[in-house]
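Just below is one structure, and these are the notes that go with it.
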Amino acid sequence: MAVDLNAMAVFAAVAEARGFRAAGERLGVSASAVSQTLRKLEAQLGVTLLQRSTRSVRLTEAGERLYAGLRPALEEVRAAVAAVGELSDVPRGTLRLIVGTAADPVLAGPLLADFLAAHPHVTLDLVVSDAVGDIVADGYDAGIQLGEVIDRDMIAVPVTGDIRMTVVGAPAYFAHNPKPTHPRDLVEHACLNWHPAAGVPAYRWEFTEPEPAGSAQGGREIVVAVPARVLSTDSAVNIRLARAGLGLAIVYEGQVRDEVARGELVPVLEEFCEPFPGYYLYYPQRRHASPALRALIAHLRRARRVDRGARRST
């Protein structure tokens, strides 16, 4: 049987993107063209590779086995393409990144804009999501996430310094509710909580007991399962609802710096909110970094050096 390599590439794109439309966007063809190619491949092989519904596409057992066999070969092809790209002195091509939704220093600042301006032959395919999956299987070159959720077998490059969570509420909320003085008081408040995806448990709010005077040991960790008046996958929604006086939200300090400065939100429990390691760019050790990815890594490292220098001078 002659192997249709183009059809195999289309199948792999669908397996990684979990959808015809997303696979088509990656390949530069229409969703209907992807679907037709897959139907021809299934007819040629005599097996069903995909379970289709109006909302999703899933691999059948035969599809899982085919993709498992294709995946090592695809990684070798991608590595070969990256190696050929190194023959050019100019980084080029598409860089696929998945970035955490609260990575404001990356998403809101000039970091990516400056990188693109310096490398006009590089394009970014950027997915903003807090889902932590297999970036290789999902077809990403790298991700940017909190250091605490990155697998140990990844190469990690610091993007930000330490960050901090903060609990905030609007003056209108505190006009009718007392400010909590200890994390355990949160069970008596309306809370606006977060989870990374539908069906995933809600975030349990984490705090650190202040260290006793003269103690060399870290404070005790406190975890609170707050009553959620609202449960959202988007912290920006919770911030807007907190500003409207509907409850307390826990967010990254940098996300509400302007609102706090304007008096629209008031931080509480600050002594219980300790800083922790921030965001890192990460990619697999076994994958050869493309010139575009190496250029991004160099750009992030330069930006970190400049930022640290600016902090020391102030």
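By convention here, the chains of the structure tokens are called A, B, ... in the order presented, each chain's residues are numbered starting at 1, and ligands are numbered starting at 1 in the order presented.
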Q | Ala225 (chain A) surroundings by only C-alpha atoms, 12 Å radius, close-in-sequence under 2 positions cut, as an MDAnalysis selection string | A | chainID A and resid 183:189 191:194 201:207 222:223 227:228
(Q) What's around Gly93 (chain A) at 9 Å? Count only C-alpha atoms, leave out sequence neighbours fewer than 2 positions away in its own chain, and write the answer as a PyMOL selection string. (A) chain A and resi 85+91+95+121-124+291-292
Convert the current residue selection to file output with C-alpha atoms, as a compact mmCIF listing (two decimals), in the first residue's frame.
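What landed in out_6.txt:
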# COMPACT_ATOMS: atom_id res chain seq x y z
CA GLY A 85 16.97 26.43 9.34
CA PRO A 91 15.86 33.46 12.61
CA LEU A 95 7.11 30.02 16.77
CA HIS A 121 11.09 37.02 9.68
CA VAL A 122 9.62 35.31 12.77
CA THR A 123 5.87 34.95 13.24
CA LEU A 124 4.16 34.02 16.52
CA PRO A 291 16.88 29.50 15.62
CA ALA A 292 13.65 31.41 16.29
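Using only C-alpha atoms for every distance, the candidate list A:Leu38, A:Ala172, A:Val149, A:Val128 yields A:Leu38 as the residue closest to Gly24 (chain A).
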Q. Looking only at the backbone, which of the residues in region 51-277 of chain A does DSSP tag as alpha helix (DSSP H), as a PyMOL selection string?
A. chain A and resi 61-85+104-107+111-118+171-174+235-243+257-261
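Taking only C-alpha atoms, the non-local environment of Glu16 (chain A) within 9 Å (same-chain residues fewer than 3 positions away omitted) comprises Phe11, Ala12, Ala13, Gly19, Ala23, Val136, Ala137, Asp138 and Gly139 of chain A.
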**Q.** DSSP-assigned strand (DSSP E) among region 39-217 of chain A, expressed as an MDAnalysis selection string
**A.** chainID A and resid 50:52 57:59 93:99 122:128 142:146 154:158 165:169 191:194 205:208
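Separating CA of Gly169 (chain A) from CA of Val200 (chain A) is a distance of 24.9 Å.
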May I have a table of the residues of region 150-237 of chain A lying at most 12 Å from region 255-260 of chain A, giving each one's closest pair of atoms and their distance in Å to one decimal, counting only C-alpha atoms, ordered by chain and ascending residue number, as JSON lines?
{"residue": "A:Ile163", "atom": "CA", "partner": "A:Gln255", "partner_atom": "CA", "distance": 10.8}
{"residue": "A:Arg164", "atom": "CA", "partner": "A:Gln255", "partner_atom": "CA", "distance": 10.3}
{"residue": "A:Met165", "atom": "CA", "partner": "A:Gln255", "partner_atom": "CA", "distance": 9.5}
{"residue": "A:Thr166", "atom": "CA", "partner": "A:Val256", "partner_atom": "CA", "distance": 8.9}
{"residue": "A:Val167", "atom": "CA", "partner": "A:Val256", "partner_atom": "CA", "distance": 10.1}
{"residue": "A:Val168", "atom": "CA", "partner": "A:Val260", "partner_atom": "CA", "distance": 8.5}
{"residue": "A:Gly169", "atom": "CA", "partner": "A:Val260", "partner_atom": "CA", "distance": 9.6}
{"residue": "A:Ala170", "atom": "CA", "partner": "A:Val260", "partner_atom": "CA", "distance": 9.3}
{"residue": "A:Pro171", "atom": "CA", "partner": "A:Val260", "partner_atom": "CA", "distance": 10.7}
{"residue": "A:Ser235", "atom": "CA", "partner": "A:Gln255", "partner_atom": "CA", "distance": 9.0}
{"residue": "A:Ala236", "atom": "CA", "partner": "A:Gln255", "partner_atom": "CA", "distance": 8.4}
{"residue": "A:Val237", "atom": "CA", "partner": "A:Gln255", "partner_atom": "CA", "distance": 11.8}
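For Leu269 (chain A), the list of residues within 7 Å, based on only C-alpha atoms and with local chain neighbours fewer than 6 positions off taken out, reads Val167, Pro180, Thr181 and His182 of chain A.
Between Tyr279 (chain A) and the residues A:Glu209, A:Glu253, A:Glu148, A:Asp125, the shortest atom-to-atom distance, using only C-alpha atoms, involves A:Glu148.
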Q | Selected residue of minimal separation from Leu231 (chain A) among A:Ile98, A:Ala198, A:Ala22, A:Leu66, counting only C-alpha atoms | A | A:Ala198
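Minimum atom-to-atom distance to Val251 (chain A), evaluated using only C-alpha atoms, belongs to A:Ala103 out of A:Ala295, A:Val306, A:Arg301, A:Ala103.
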Q: Find the residues around Thr37 (chain A) up to 8 Å (only C-alpha atoms counted), leave out those fewer than 3 positions away in its own chain, and share them as a ChimeraX atom specification.
A: /A:7,10,33-34,40-41
Q.
Which residues are close to Thr160 (chain A), i.e. within 12 Å by only C-alpha atoms, leaving aside same-chain residues fewer than 5 positions away? Reply as a ChimeraX atom specification.
A. /A:103-106,109,111,144-147,254,276-281,300-308
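If you measure from each of A:Arg262, A:Pro210, A:Leu97, A:Leu296 to Ala113 (chain A) using only C-alpha atoms, the closest one turns out to be A:Leu296.
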**Q.** Option closest in space to Asp234 (chain A), from A:Ala298, A:Ala15, A:Ala249, A:Leu74 [counting only C-alpha atoms]
**A.** A:Ala249
Q: Would you list the contacts of Glu42 (chain A) as a list of chain:residue names, taking every protein, DNA or RNA residue within 12 Å and counting only C-alpha atoms, but skipping same-chain residues closer than 4 positions in sequence?
A: A:Asp4, A:Ala7, A:Met8, A:Phe11, A:Ser35, A:Gln36, A:Thr37, A:Leu38, A:Gly46, A:Val47, A:Thr48, A:Leu49, A:Leu50, A:Gln51, A:Thr60, A:Ala62, A:Gly63, A:Leu66
